[in-house]
Each structure stands twice: as structure tokens, then as C-alpha cells.
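Participant: To be precise about what I am sending: the file is called coords-v9.txt and holds compact mmCIF, C-alpha atoms.
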# COMPACT_ATOMS: atom_id res chain seq x y z
CA MET A 231 4.47 -12.80 -6.12
CA CYS A 232 7.64 -11.91 -7.99
CA GLU A 233 9.88 -11.71 -4.93
CA PHE A 234 12.21 -14.63 -4.83
CA THR A 235 13.31 -16.92 -2.07
CA VAL A 236 16.92 -17.83 -2.83
CA LEU A 237 18.11 -21.34 -2.06
CA LEU A 238 21.67 -22.59 -1.94
CA GLY A 239 21.04 -26.30 -1.96
CA GLU A 240 18.46 -26.77 0.79
CA GLU A 241 19.47 -23.63 2.67
CA VAL A 242 17.52 -20.39 2.33
CA VAL A 243 20.12 -17.65 1.89
CA ALA A 244 17.83 -14.71 1.11
CA ARG A 245 14.14 -13.85 0.94
CA LYS A 246 12.06 -11.22 -0.87
CA VAL A 247 14.78 -10.79 -3.47
CA ILE A 248 13.94 -8.52 -6.37
CA LYS A 249 17.25 -8.44 -8.20
CA ALA A 250 20.17 -10.82 -8.73
CA ARG A 251 23.29 -9.88 -10.64
CA ILE A 252 26.57 -11.71 -11.14
CA ARG A 253 29.52 -9.40 -11.67
CA ASP A 254 33.14 -10.55 -11.66
CA GLY A 255 32.03 -13.91 -10.34
CA VAL A 256 30.20 -12.43 -7.35
CA LEU A 257 26.42 -12.76 -7.00
CA MET A 258 24.66 -9.78 -5.44
CA LEU A 259 21.06 -10.20 -4.28
CA SER A 260 18.94 -7.12 -3.47
CA ASP A 261 15.77 -7.49 -1.39
CA THR A 262 12.75 -5.34 -0.58
CA SER A 263 14.24 -4.03 2.64
CA GLY A 264 17.15 -2.58 0.66
CA THR A 265 19.53 -5.22 2.02
CA LYS A 266 22.17 -6.61 -0.32
CA THR A 267 23.45 -10.17 0.10
CA VAL A 268 26.75 -11.01 -1.56
CA LEU A 269 27.66 -14.60 -2.39
CA LYS A 270 30.92 -15.76 -3.94
CA GLU A 271 31.61 -18.91 -5.91
CA VAL A 272 28.01 -19.76 -6.66
CA SER A 273 26.04 -20.24 -9.86
CA ILE A 274 22.36 -19.83 -10.60
CA VAL A 275 20.95 -23.20 -11.61
CA GLY A 276 17.21 -22.59 -11.45
CA VAL A 277 14.68 -19.77 -11.82
CA ASP A 278 11.12 -20.70 -10.90
CA THR A 279 8.59 -17.89 -11.27
CA ILE A 280 5.71 -20.16 -10.26
CA MET A 281 7.21 -20.88 -6.84
CA ALA A 282 9.20 -17.62 -6.80
CA GLU A 283 12.43 -19.47 -6.08
CA LEU A 284 15.95 -18.87 -7.30
CA THR A 285 18.20 -21.89 -6.84
CA LEU A 286 21.97 -21.62 -6.52
CA ARG A 287 24.76 -24.15 -6.56
CA ARG A 288 28.17 -23.85 -4.97
CA ASN A 289 30.81 -23.88 -7.70
CA GLU A 290 32.92 -27.01 -7.87
CA GLY A 291 36.07 -26.86 -5.82
CA HIS A 292 34.50 -24.46 -3.24
CA MET B 142 5.64 5.79 12.35
CA LYS B 143 2.12 4.42 12.29
CA LYS B 144 1.12 2.43 9.21
CA ILE B 145 -2.42 2.18 7.89
CA ILE B 146 -3.81 0.43 4.82
CA ALA B 147 -7.22 0.70 3.22
CA THR B 148 -8.49 -2.42 1.49
CA GLY B 149 -11.74 -3.74 0.12
CA LYS B 150 -13.77 -4.45 -2.97
CA GLY B 151 -13.60 -2.14 -5.95
CA GLY B 152 -15.89 0.84 -5.67
CA SER B 153 -16.34 0.47 -1.92
CA GLY B 154 -14.94 3.95 -1.26
CA LYS B 155 -11.35 3.35 -0.17
CA THR B 156 -9.97 6.44 -1.83
CA THR B 157 -12.85 8.70 -0.84
CA VAL B 158 -12.75 7.79 2.84
CA LEU B 159 -8.97 7.62 3.02
CA SER B 160 -8.40 11.02 1.41
CA ASN B 161 -10.60 12.69 4.02
CA LEU B 162 -8.92 10.79 6.87
CA CYS B 163 -5.50 11.90 5.59
CA ILE B 164 -6.61 15.53 5.58
CA ILE B 165 -7.98 15.23 9.11
CA MET B 166 -4.66 13.82 10.30
CA ALA B 167 -2.60 16.42 8.42
CA ARG B 168 -4.68 19.32 9.74
CA SER B 169 -4.23 18.05 13.27
CA GLY B 170 -0.49 18.40 12.81
CA ARG B 171 0.51 14.87 11.77
CA ARG B 172 3.12 14.41 9.06
CA VAL B 173 1.39 12.19 6.52
CA ILE B 174 2.76 10.23 3.57
CA VAL B 175 0.39 8.32 1.31
CA PHE B 176 1.26 5.52 -1.09
CA ASP B 177 -1.26 5.06 -3.85
CA THR B 178 -0.80 1.42 -4.88
CA ASP B 179 -4.07 1.23 -6.76
CA PRO B 180 -3.35 0.84 -10.49
CA SER B 181 -6.41 3.03 -11.03
CA MET B 182 -4.44 5.71 -9.11
CA ASN B 183 -7.32 7.98 -8.22
CA LEU B 184 -5.92 9.24 -4.95
CA ALA B 185 -3.82 12.11 -6.29
CA LEU B 186 -6.73 13.25 -8.42
CA THR B 187 -8.94 13.21 -5.33
CA PHE B 188 -6.52 15.66 -3.74
CA GLY B 189 -6.73 17.82 -6.87
CA ILE B 190 -3.34 16.78 -8.27
CA PRO B 191 -3.45 15.85 -11.98
CA TYR B 192 -1.95 12.52 -13.03
CA ASP B 193 0.67 14.06 -15.26
CA VAL B 194 2.47 16.06 -12.57
CA ILE B 195 3.68 12.99 -10.65
CA SER B 196 6.28 10.59 -12.00
CA THR B 197 5.15 7.09 -11.07
CA ILE B 198 7.21 4.23 -9.69
CA THR B 199 6.05 2.05 -12.58
CA GLY B 200 7.09 4.58 -15.17
CA ASP B 201 10.64 4.90 -13.81
CA LYS B 202 11.22 1.48 -12.29
CA ALA B 203 14.23 0.67 -14.46
CA ASP B 204 16.03 3.84 -13.35
CA ILE B 205 15.05 3.34 -9.71
CA VAL B 206 16.31 -0.25 -9.65
CA HIS B 207 19.54 0.85 -11.33
CA ASP B 208 20.06 3.59 -8.75
CA LEU B 209 19.34 1.22 -5.86
CA GLU B 210 21.86 -1.26 -7.18
CA GLY B 211 24.65 1.26 -6.90
CA ALA B 212 23.76 2.84 -3.55
CA ASP B 213 22.07 2.18 -0.25
CA VAL B 214 18.42 3.23 0.03
CA SER B 215 19.38 5.37 3.03
CA GLU B 216 21.54 7.48 0.71
CA ILE B 217 19.18 7.90 -2.24
CA GLY B 218 15.75 7.22 -0.74
CA GLU B 219 14.96 10.90 -0.31
CA SER B 220 15.75 11.80 -3.91
CA ILE B 221 13.71 8.84 -5.19
CA MET B 222 10.83 9.84 -2.95
CA GLU B 223 10.92 13.49 -3.96
CA GLY B 224 11.19 12.61 -7.62
CA HIS B 225 8.12 10.41 -7.49
CA SER B 226 5.68 12.24 -5.30
CA SER B 227 3.74 15.45 -4.89
CA VAL B 228 2.80 17.40 -1.79
CA THR B 229 -0.73 18.72 -1.19
CA PRO B 230 -1.42 22.16 0.30
CA ASP B 231 -1.99 20.36 3.63
CA GLY B 232 1.52 18.94 3.45
CA ILE B 233 0.49 15.38 2.59
CA ARG B 234 3.14 13.70 0.46
CA ILE B 235 1.61 11.40 -2.17
CA VAL B 236 3.67 8.67 -3.80
CA VAL B 237 2.00 7.07 -6.81
CA MET B 238 2.95 3.51 -7.72
CA GLY B 239 1.34 3.79 -11.13
CA ALA B 240 -0.45 1.58 -13.59
CA VAL B 241 0.45 -0.94 -16.26
CA LEU B 242 1.59 1.26 -19.12
CA HIS B 243 1.29 -1.08 -22.09
CA GLY B 244 -0.81 -4.13 -22.94
CA GLY B 245 1.13 -7.32 -22.27
CA GLU B 246 3.75 -5.46 -20.25
CA GLY B 247 3.53 -7.77 -17.23
CA CYS B 248 2.43 -7.65 -13.64
CA LEU B 249 2.84 -4.96 -11.00
CA CYS B 250 4.89 -7.08 -8.60
CA SER B 251 8.06 -5.10 -9.22
CA ALA B 252 6.33 -1.79 -8.53
CA VAL B 253 4.89 -3.14 -5.28
CA SER B 254 8.37 -4.34 -4.30
CA LEU B 255 9.81 -0.88 -4.91
CA THR B 256 6.94 0.63 -2.93
CA LYS B 257 7.93 -1.61 -0.02
CA ILE B 258 11.47 -0.25 -0.21
CA LEU B 259 10.21 3.34 -0.17
CA LEU B 260 7.83 2.55 2.68
CA GLY B 261 10.77 1.17 4.63
CA TYR B 262 12.75 4.30 3.87
CA ALA B 263 9.86 6.54 4.96
CA GLU B 264 9.82 4.73 8.30
CA ALA B 265 13.60 4.82 8.75
CA CYS B 266 14.07 8.49 7.82
CA GLY B 267 11.81 9.73 10.65
CA ALA B 268 10.15 12.41 8.54
CA TYR B 269 6.61 11.07 8.89
CA ASP B 270 4.20 10.30 11.71
CA VAL B 271 1.98 8.07 9.62
CA ALA B 272 2.17 6.21 6.31
CA VAL B 273 -1.10 5.40 4.61
CA VAL B 274 -1.53 2.93 1.76
CA ASP B 275 -4.47 3.20 -0.60
CA SER B 276 -4.51 -0.31 -2.03
CA GLN B 277 -5.80 -1.84 -5.20
CA ALA B 278 -9.21 -3.47 -5.07
CA GLY B 279 -9.51 -6.96 -3.66
CA PRO B 280 -7.38 -9.02 -1.31
CA GLU B 281 -4.34 -9.56 -3.55
CA ILE B 282 -2.31 -6.67 -2.16
CA LEU B 283 -2.21 -8.47 1.18
CA GLY B 284 -0.91 -11.60 -0.54
CA ARG B 285 2.04 -9.46 -1.63
CA GLY B 286 2.88 -8.82 2.01
CA LEU B 287 2.85 -5.05 1.73
CA ALA B 288 0.94 -4.60 4.97
CA SER B 289 3.11 -6.79 7.21
CA ASP B 290 2.92 -5.57 10.80
CA PHE B 291 0.79 -2.55 9.91
CA ASP B 292 -1.07 -0.85 12.73
CA CYS B 293 -4.50 -0.87 11.13
CA ASN B 294 -6.40 -2.17 8.14
CA LEU B 295 -9.42 -0.10 7.20
CA ILE B 296 -11.62 -2.57 5.37
CA LEU B 297 -14.03 -0.66 3.15
CA CYS B 298 -17.23 -2.49 2.35
CA GLU B 299 -20.64 -1.89 0.86
CA PRO B 300 -23.60 -3.56 2.57
CA THR B 301 -23.79 -6.34 0.01
CA VAL B 302 -22.97 -10.04 0.15
CA LYS B 303 -20.24 -9.77 -2.51
CA SER B 304 -18.52 -6.83 -0.88
CA SER B 305 -18.72 -8.50 2.53
CA GLU B 306 -17.12 -11.64 1.10
CA VAL B 307 -14.10 -9.63 -0.04
CA SER B 308 -13.96 -8.09 3.43
CA ARG B 309 -13.95 -11.54 4.99
CA GLN B 310 -11.00 -12.58 2.82
CA VAL B 311 -9.15 -9.36 3.56
CA LEU B 312 -9.68 -9.78 7.30
CA LYS B 313 -8.20 -13.28 7.20
CA LEU B 314 -5.11 -12.17 5.25
CA SER B 315 -4.63 -9.20 7.58
CA GLY B 316 -4.45 -11.60 10.48
CA ASP B 317 -1.86 -13.69 8.64
CA LEU B 318 0.31 -10.59 8.18
CA GLY B 319 0.11 -9.52 11.80
CA VAL B 320 -1.90 -6.36 11.18
CA LYS B 321 -2.68 -5.17 14.69
CA GLU B 322 -6.23 -3.82 14.25
CA SER B 323 -8.93 -4.02 11.60
CA ILE B 324 -11.90 -1.71 11.27
CA LEU B 325 -14.80 -2.50 8.93
CA VAL B 326 -16.08 0.68 7.32
CA VAL B 327 -19.47 -0.07 5.83
CA ASN B 328 -19.94 2.60 3.20
CA LYS B 329 -23.06 3.85 1.40
CA ILE B 330 -25.48 2.55 4.02
CA ASP B 331 -29.09 3.70 3.81
CA ALA B 332 -30.95 1.42 6.23
CA PRO B 333 -30.47 0.86 9.97
CA GLY B 334 -29.42 -2.78 9.64
CA ASP B 335 -26.84 -2.30 6.88
CA THR B 336 -23.76 -2.03 9.08
CA GLY B 337 -24.65 -5.03 11.19
CA PHE B 338 -25.47 -7.07 8.08
CA ALA B 339 -22.11 -6.37 6.47
CA ALA B 340 -20.24 -7.10 9.70
CA HIS B 341 -22.08 -10.39 10.13
CA MET B 342 -21.44 -11.45 6.53
CA ALA B 343 -17.77 -10.51 6.82
CA GLY B 344 -17.46 -12.57 9.99
CA MET B 345 -16.65 -9.58 12.17
CA PRO B 346 -18.27 -8.56 15.46
CA ALA B 347 -20.54 -5.54 15.11
CA HIS B 348 -18.36 -3.41 17.39
CA MET B 349 -15.56 -3.57 14.78
CA ALA B 350 -17.79 -1.89 12.17
CA VAL B 351 -18.55 1.77 11.50
CA GLY B 352 -21.19 2.91 9.03
CA VAL B 353 -20.89 5.78 6.54
CA ARG B 354 -24.21 6.92 5.16
CA TYR B 355 -24.97 7.13 1.45
CA ASP B 356 -24.75 10.81 0.59
CA ARG B 357 -25.14 12.61 -2.75
CA ASN B 358 -22.66 15.19 -1.50
CA VAL B 359 -19.90 12.62 -2.00
CA LEU B 360 -20.75 12.46 -5.70
CA GLU B 361 -20.87 16.24 -5.99
CA ALA B 362 -17.46 16.65 -4.37
CA ASP B 363 -16.04 14.00 -6.68
CA ARG B 364 -17.43 15.71 -9.76
CA ASP B 365 -15.99 19.03 -8.62
CA GLY B 366 -12.58 17.46 -7.99
CA VAL B 367 -12.40 18.39 -4.31
CA VAL B 368 -12.42 16.34 -1.15
CA LEU B 369 -15.69 16.00 0.74
CA MET B 370 -14.29 17.65 3.86
CA ASP B 371 -13.67 20.89 1.98
CA ARG B 372 -16.84 20.92 -0.13
CA HIS B 373 -19.41 19.58 2.32
CA PRO B 374 -17.88 19.53 5.81
CA ASP B 375 -21.30 19.31 7.48
CA SER B 376 -22.65 16.49 5.33
CA ALA B 377 -23.92 13.25 6.79
CA ALA B 378 -21.14 11.22 5.16
CA MET B 379 -18.46 13.58 6.48
CA GLY B 380 -19.90 13.30 9.96
CA ASP B 381 -19.63 9.53 9.71
CA ILE B 382 -16.07 9.75 8.37
CA LEU B 383 -15.20 11.77 11.47
CA SER B 384 -16.52 8.86 13.51
CA VAL B 385 -14.29 6.53 11.47
CA ASN B 386 -11.39 8.84 12.29
CA ASP B 387 -12.18 8.64 16.01
CA ARG B 388 -12.20 4.86 15.82
CA LEU B 389 -8.97 4.85 13.80
CA MET B 390 -7.19 7.12 16.27
CA ARG B 391 -8.09 4.80 19.11
CA ALA B 392 -6.98 1.76 17.10
CA ILE B 393 -3.51 3.16 16.45
CA GLY B 394 -3.12 4.58 19.93
CA TRP B 395 -3.28 8.30 19.14
Here is a file; write its structure as C-alpha cells.
Facilitator:
Amino acid sequence: MCEFTVLLGEEVVARKVIKARIRDGVLMLSDTSGTKTVLKEVSIVGVDTIMAELTLRRNEGH
Amino acid sequence: MKKIIATGKGGSGKTTVLSNLCIIMARSGRRVIVFDTDPSMNLALTFGIPYDVISTITGDKADIVHDLEGADVSEIGESIMEGHSSVTPDGIRIVVMGAVLHGGEGCLCSAVSLTKILLGYAEACGAYDVAVVDSQAGPEILGRGLASDFDCNLILCEPTVKSSEVSRQVLKLSGDLGVKESILVVNKIDAPGDTGFAAHMAGMPAHMAVGVRYDRNVLEADRDGVVLMDRHPDSAAMGDILSVNDRLMRAIGW
């Protein structure tokens, strides 16, 4: 299923995410309930369509 | 808002039975919205609405996702819904998810996800008494989680081993998703033991099953492009579908 669970390290920060966009250094995640989750100072380090997981990392110094 | 899904093996009669149930509900004063998530998208045609008059979710998904990125679904849900649906003379709003448009284009996950958003909007906006989902064939739609916490799963089944096996899988996945009630509708029966056989093979108690008799009138209505209830309201199959409706109404507490 192409709805992603989003992990920041070991922590699940969002589920059923269908869109992720980084704009001006801010990551916005949109899920199937219409909820938007905003995360600052993070980078996407992994996209796994098999496991439907998006892995994030906190930027250094934050 | 009550939420109902119809599932089952391909050709088991999901669209035929569901379209008549929707009309029964609409004509009894219920505000009905239907989501056709079957890539074969026969539901609108069953209501007499040609394919080309409804813009599908699949066809416009890039625009819809773009719009949703810039606004809350509560603000633009109505315009998305109205732009991608049609309303029957009975007042039933039909939203069509759509099919894969081009070979190699990819899967339908994104369209199902957008359908979930619109389903959530339909519930939140308060404009409907019941949302009905006509699903694609097989159990996969339940793996996508679309029917989480639905009120009822109408499992359509023919009285065959293969069809019953799909019903068994569907019943299990429904339980995983917290669907409150399941009804086995054994379609196209023509012998007294057919309903009980299908229920037994699907692993369901006989009291959860309702039979719909094989009836040539169903074929005639299909060929004429009208629903059975309007073409042959006194047919054997329609009488059985009314019994399905009675069972459904009890299951959802109406």
C-alpha cells in the first residue's frame, strides 16, 4: 500500500502519508485524513516502497 | 453517517445488488453517496450515467493533490466532490475513482488514498446519511484499509468453492479492520442448499447469509441499461434483494 509510515529515527511521527514536500527547509507531510504534519530541521534519508516507510533524520546541530 | 462496503469475487454481483440497495435507501428518504472504487467502474453505468460525463479521481489526481496541498479539505472538499461526481434522478451522488489510464502507469493506491480523504470529508460535512463503497473484486481493497470502522460489509458470493474462498478472506480482513457487521449475500442461487453451502465454505454461520435467486430479469435489465428495481420490480431477484435490504437495515441500526 502506497501510504507511508514516517519515522524519525525509531519514532513514528506520521502514518498514512501520501505526500511529503520540503519547502524552505520545512517538511510538510499530508495524510489520508487531510491532516498536515510540519517538521523543521529534518532530512529525508530513506524511501522504502516495499515497506511503505519514509525515514527522516534530524539535521545536525538540532 | 453510516458506511457500507460491498466486496467479493469478480462477477459475484456487487454492483447489481448495491445499485438496487442504494435506490431503495434513496427512495426512503436517505441521503446517499456512493464511491465506485472498482477500476471496472460499472456503477455509474448501472445508474444510466455514461462514463464520459464524470471526471474521475484517477484522471485528475495531480490537480486534486495540488489543491489539497494548498488548502484544508474542509475548505475545498465540496468543490472536489462536485467536480468528480454525478447525481442520479433519485439524488444519489456517485463519485468514481476511475481506472488505470495507460499501460505501465502504476497502481491505484493514490486514487484509493484520495477516495479516503473524500470519504472523510463526506462524513464530516454532514450532507449524507450513508456512504456506500462499491469495491474492486477480491480482498485487496480491505488491505488498503478503506473500510476501517465501517458499519457493514456486504460480501457478495456465488455458490461456488472459489467464490466462497474469496468471501472467507474478505470476512477475515473485515474483522481486522473493525467492520461492525458482515452479511453474506449468496447471489445467483438456483438450488435450496446453495446459500447454506456458500456460508459453510466461507466459514460463516448460515444466519449471516441471504440468498438471491438466479434470475434472467437481471440480465435483461443490464442489457437495457436500467436498474432491476425499475425494470422488473416484481422479479424473484428483486424480491430477494429487498430481503437483503431488510437485513442490511437491521445490521446498521436503521
Participant: List as a ChimeraX atom specification the residues having at least one atom at most 8 Å from position (26.1, -10.9, -6.6) as given in the file, counting only C-alpha atoms.
Facilitator: /A:250-253,255-259,267-270
Participant: Mind dumping the selected residues with C-alpha atoms as a PDB file, in the frame of the given file?
Facilitator:
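Printed below is again-v1.pdb as written:
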ATOM      1  CA  ALA A 250      20.170 -10.820  -8.730  1.00  0.00           C
ATOM      2  CA  ARG A 251      23.290  -9.880 -10.640  1.00  0.00           C
ATOM      3  CA  ILE A 252      26.570 -11.710 -11.140  1.00  0.00           C
ATOM      4  CA  ARG A 253      29.520  -9.400 -11.670  1.00  0.00           C
ATOM      5  CA  GLY A 255      32.030 -13.910 -10.340  1.00  0.00           C
ATOM      6  CA  VAL A 256      30.200 -12.430  -7.350  1.00  0.00           C
ATOM      7  CA  LEU A 257      26.420 -12.760  -7.000  1.00  0.00           C
ATOM      8  CA  MET A 258      24.660  -9.780  -5.440  1.00  0.00           C
ATOM      9  CA  LEU A 259      21.060 -10.200  -4.280  1.00  0.00           C
ATOM     10  CA  THR A 267      23.450 -10.170   0.100  1.00  0.00           C
ATOM     11  CA  VAL A 268      26.750 -11.010  -1.560  1.00  0.00           C
ATOM     12  CA  LEU A 269      27.660 -14.600  -2.390  1.00  0.00           C
ATOM     13  CA  LYS A 270      30.920 -15.760  -3.940  1.00  0.00           C
TER      14      LYS A 270
END
Participant: Which distance in Å separates atom CA of Met370 of chain B and atom CA of Leu186 of chain B, to one decimal?
Facilitator: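 The value is 15.1 Å.
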Participant: With chain A as the partner and 9 Å as the cut-off, tabulate the residues of chain B that qualify, each row holding the nearest pair of atoms and their distance in Å to one decimal, using all atoms listed in the file, sorted by chain and rising number, as JSON lines.
Facilitator:
{"residue": "B:Val206", "atom": "CA", "partner": "A:Lys249", "partner_atom": "CA", "distance": 8.4}
{"residue": "B:Leu209", "atom": "CA", "partner": "A:Gly264", "partner_atom": "CA", "distance": 7.9}
{"residue": "B:Glu210", "atom": "CA", "partner": "A:Ser260", "partner_atom": "CA", "distance": 7.5}
{"residue": "B:Asp213", "atom": "CA", "partner": "A:Gly264", "partner_atom": "CA", "distance": 6.9}
{"residue": "B:Val214", "atom": "CA", "partner": "A:Gly264", "partner_atom": "CA", "distance": 6.0}
{"residue": "B:Ser215", "atom": "CA", "partner": "A:Gly264", "partner_atom": "CA", "distance": 8.6}
{"residue": "B:Cys248", "atom": "CA", "partner": "A:Cys232", "partner_atom": "CA", "distance": 8.8}
{"residue": "B:Leu249", "atom": "CA", "partner": "A:Cys232", "partner_atom": "CA", "distance": 9.0}
{"residue": "B:Cys250", "atom": "CA", "partner": "A:Cys232", "partner_atom": "CA", "distance": 5.6}
{"residue": "B:Ser251", "atom": "CA", "partner": "A:Cys232", "partner_atom": "CA", "distance": 6.9}
{"residue": "B:Ser254", "atom": "CA", "partner": "A:Thr262", "partner_atom": "CA", "distance": 5.8}
{"residue": "B:Leu255", "atom": "CA", "partner": "A:Thr262", "partner_atom": "CA", "distance": 6.9}
{"residue": "B:Thr256", "atom": "CA", "partner": "A:Thr262", "partner_atom": "CA", "distance": 8.7}
{"residue": "B:Lys257", "atom": "CA", "partner": "A:Thr262", "partner_atom": "CA", "distance": 6.1}
{"residue": "B:Ile258", "atom": "CA", "partner": "A:Thr262", "partner_atom": "CA", "distance": 5.3}
{"residue": "B:Leu259", "atom": "CA", "partner": "A:Ser263", "partner_atom": "CA", "distance": 8.9}
{"residue": "B:Gly261", "atom": "CA", "partner": "A:Ser263", "partner_atom": "CA", "distance": 6.6}
{"residue": "B:Tyr262", "atom": "CA", "partner": "A:Ser263", "partner_atom": "CA", "distance": 8.6}
{"residue": "B:Gly284", "atom": "CA", "partner": "A:Met231", "partner_atom": "CA", "distance": 7.8}
{"residue": "B:Arg285", "atom": "CA", "partner": "A:Met231", "partner_atom": "CA", "distance": 6.1}
Participant: For the atom pair atom CA of Arg234 of chain B and atom CA of Leu260 of chain B, what is the interatomic distance in Å to one decimal place?
Facilitator: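 The value is 12.3 Å.
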Participant: Give me, please, the distance in Å between atom CA of Ser315 of chain B and atom CA of Thr187 of chain B, quoted to one decimal.
Facilitator: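 If I compute the distance from atom CA of Ser315 of chain B to atom CA of Thr187 of chain B, I get 26.2 Å.
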Participant: So that I can check the surroundings of Arg172 of chain B, please list as a short mmCIF file (atom, residue, chain, number, x, y, z; two decimals) with C-alpha atoms, in the frame of the given file every protein, DNA and RNA residue that reaches within 8 Å of it, counting only C-alpha atoms and ignoring chain neighbours fewer than 3 positions away.
Facilitator:
data_model
loop_
_atom_site.label_atom_id
_atom_site.label_comp_id
_atom_site.auth_asym_id
_atom_site.auth_seq_id
_atom_site.Cartn_x
_atom_site.Cartn_y
_atom_site.Cartn_z
CA MET B 166 -4.66 13.82 10.30
CA ALA B 167 -2.60 16.42 8.42
CA GLY B 232 1.52 18.94 3.45
CA ILE B 233 0.49 15.38 2.59
CA ALA B 268 10.15 12.41 8.54
CA TYR B 269 6.61 11.07 8.89
CA ASP B 270 4.20 10.30 11.71
CA VAL B 271 1.98 8.07 9.62
#
Participant: For Leu242 of chain B, list every protein, DNA or RNA residue within 9 Å, evaluated using only C-alpha atoms, and leave out those in the same chain fewer than 2 positions away; present the list as a list in words.
Facilitator: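 Counting only the stated atoms, we get Thr199, Gly200, Gly239, Ala240, Gly244 and Glu246 of chain B.
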Participant: For those residues, write C-alpha atoms to a file as an mmCIF file, in the coordinates of the input.
Facilitator:
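That gives us out24.cif:
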data_model
loop_
_atom_site.group_PDB
_atom_site.id
_atom_site.type_symbol
_atom_site.label_atom_id
_atom_site.label_comp_id
_atom_site.auth_asym_id
_atom_site.auth_seq_id
_atom_site.Cartn_x
_atom_site.Cartn_y
_atom_site.Cartn_z
ATOM 1 C CA THR B 199 6.050 2.050 -12.580
ATOM 2 C CA GLY B 200 7.090 4.580 -15.170
ATOM 3 C CA GLY B 239 1.340 3.790 -11.130
ATOM 4 C CA ALA B 240 -0.450 1.580 -13.590
ATOM 5 C CA GLY B 244 -0.810 -4.130 -22.940
ATOM 6 C CA GLU B 246 3.750 -5.460 -20.250
#
Participant: Let me make sure I understand: among A:Arg287, A:Met281, A:Glu271, A:Asp254, which one has the smallest atom-to-atom distance to Gly239 of chain A if we use only C-alpha atoms?
Facilitator: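 For Gly239 of chain A, the nearest of the given residues is A:Arg287.
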Participant: Using only C-alpha atoms, can you tell me which of B:Met342, B:Ala377, B:Ala288, B:Val273 comes closest to Val307 of chain B?
Facilitator: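 Once distances to Val307 of chain B are computed over only C-alpha atoms, the minimum belongs to B:Met342.
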Participant: Measuring atom to atom with all atoms listed in the file, identify which of B:Ile205, B:Val368, B:Leu297, B:Ile195 is nearest to Ile221 of chain B.
Facilitator: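 Closest to Ile221 of chain B, using all atoms listed in the file: B:Ile205.
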Participant: Quick one: 4 Å padding each side, axis-aligned, all listed atoms of segment 245-259 of chain A - centre and edge lengths in Å to one decimal, as AutoDock Vina command-line options?
Facilitator:
--center_x 22.6 --center_y -11.2 --center_z -5.4 --size_x 29.1 --size_y 13.5 --size_z 20.6
Participant: Which is closest to Val367 of chain B among B:Val353, B:Ile198, B:Cys293, B:Leu184, if we use all atoms listed in the file?
Facilitator: B:Leu184
Participant: Tell me, as a ChimeraX atom specification, which residues lie within 7 Å of Ser273 of chain A, counting only C-alpha atoms; anything in the same chain fewer than 6 positions away does not count.
Facilitator: /A:286-289
Participant: Grab segment 232-237 of chain A from that structure and dump all heavy atoms to a file, as an mmCIF file, in the first residue's frame.
Facilitator:
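Writing done, so here's out-v1.cif:
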data_model
loop_
_atom_site.group_PDB
_atom_site.id
_atom_site.type_symbol
_atom_site.label_atom_id
_atom_site.label_comp_id
_atom_site.auth_asym_id
_atom_site.auth_seq_id
_atom_site.Cartn_x
_atom_site.Cartn_y
_atom_site.Cartn_z
ATOM 1 N N CYS A 232 0.608 2.157 -0.874
ATOM 2 C CA CYS A 232 1.480 3.323 -1.052
ATOM 3 C C CYS A 232 1.110 4.460 -0.098
ATOM 4 O O CYS A 232 1.036 5.620 -0.504
ATOM 5 C CB CYS A 232 1.419 3.788 -2.491
ATOM 6 S SG CYS A 232 1.791 2.482 -3.659
ATOM 7 N N GLU A 233 0.848 4.146 1.133
ATOM 8 C CA GLU A 233 0.662 5.166 2.163
ATOM 9 C C GLU A 233 1.760 4.937 3.180
ATOM 10 O O GLU A 233 1.857 3.860 3.751
ATOM 11 C CB GLU A 233 -0.724 5.049 2.802
ATOM 12 C CG GLU A 233 -1.836 5.380 1.813
ATOM 13 C CD GLU A 233 -3.213 5.057 2.348
ATOM 14 O OE1 GLU A 233 -3.327 4.757 3.551
ATOM 15 O OE2 GLU A 233 -4.166 5.091 1.561
ATOM 16 N N PHE A 234 2.548 5.965 3.396
ATOM 17 C CA PHE A 234 3.784 5.780 4.134
ATOM 18 C C PHE A 234 3.631 6.008 5.640
ATOM 19 O O PHE A 234 2.915 6.898 6.071
ATOM 20 C CB PHE A 234 4.845 6.739 3.594
ATOM 21 C CG PHE A 234 5.468 6.263 2.315
ATOM 22 C CD1 PHE A 234 4.767 6.307 1.129
ATOM 23 C CD2 PHE A 234 6.756 5.751 2.309
ATOM 24 C CE1 PHE A 234 5.327 5.858 -0.048
ATOM 25 C CE2 PHE A 234 7.330 5.291 1.136
ATOM 26 C CZ PHE A 234 6.610 5.341 -0.049
ATOM 27 N N THR A 235 4.334 5.169 6.378
ATOM 28 C CA THR A 235 4.598 5.449 7.783
ATOM 29 C C THR A 235 5.910 6.230 7.827
ATOM 30 O O THR A 235 6.891 5.838 7.183
ATOM 31 C CB THR A 235 4.738 4.142 8.581
ATOM 32 O OG1 THR A 235 3.496 3.441 8.526
ATOM 33 C CG2 THR A 235 5.097 4.424 10.034
ATOM 34 N N VAL A 236 5.913 7.340 8.541
ATOM 35 C CA VAL A 236 7.092 8.205 8.565
ATOM 36 C C VAL A 236 7.797 8.061 9.905
ATOM 37 O O VAL A 236 7.182 8.227 10.965
ATOM 38 C CB VAL A 236 6.702 9.680 8.308
ATOM 39 C CG1 VAL A 236 7.950 10.561 8.295
ATOM 40 C CG2 VAL A 236 5.956 9.795 6.984
ATOM 41 N N LEU A 237 9.080 7.745 9.822
ATOM 42 C CA LEU A 237 9.884 7.502 11.021
ATOM 43 C C LEU A 237 10.946 8.582 11.158
ATOM 44 O O LEU A 237 11.634 8.911 10.174
ATOM 45 C CB LEU A 237 10.570 6.142 10.924
ATOM 46 C CG LEU A 237 9.654 4.929 10.788
ATOM 47 C CD1 LEU A 237 10.405 3.748 10.211
ATOM 48 C CD2 LEU A 237 9.068 4.566 12.140
#
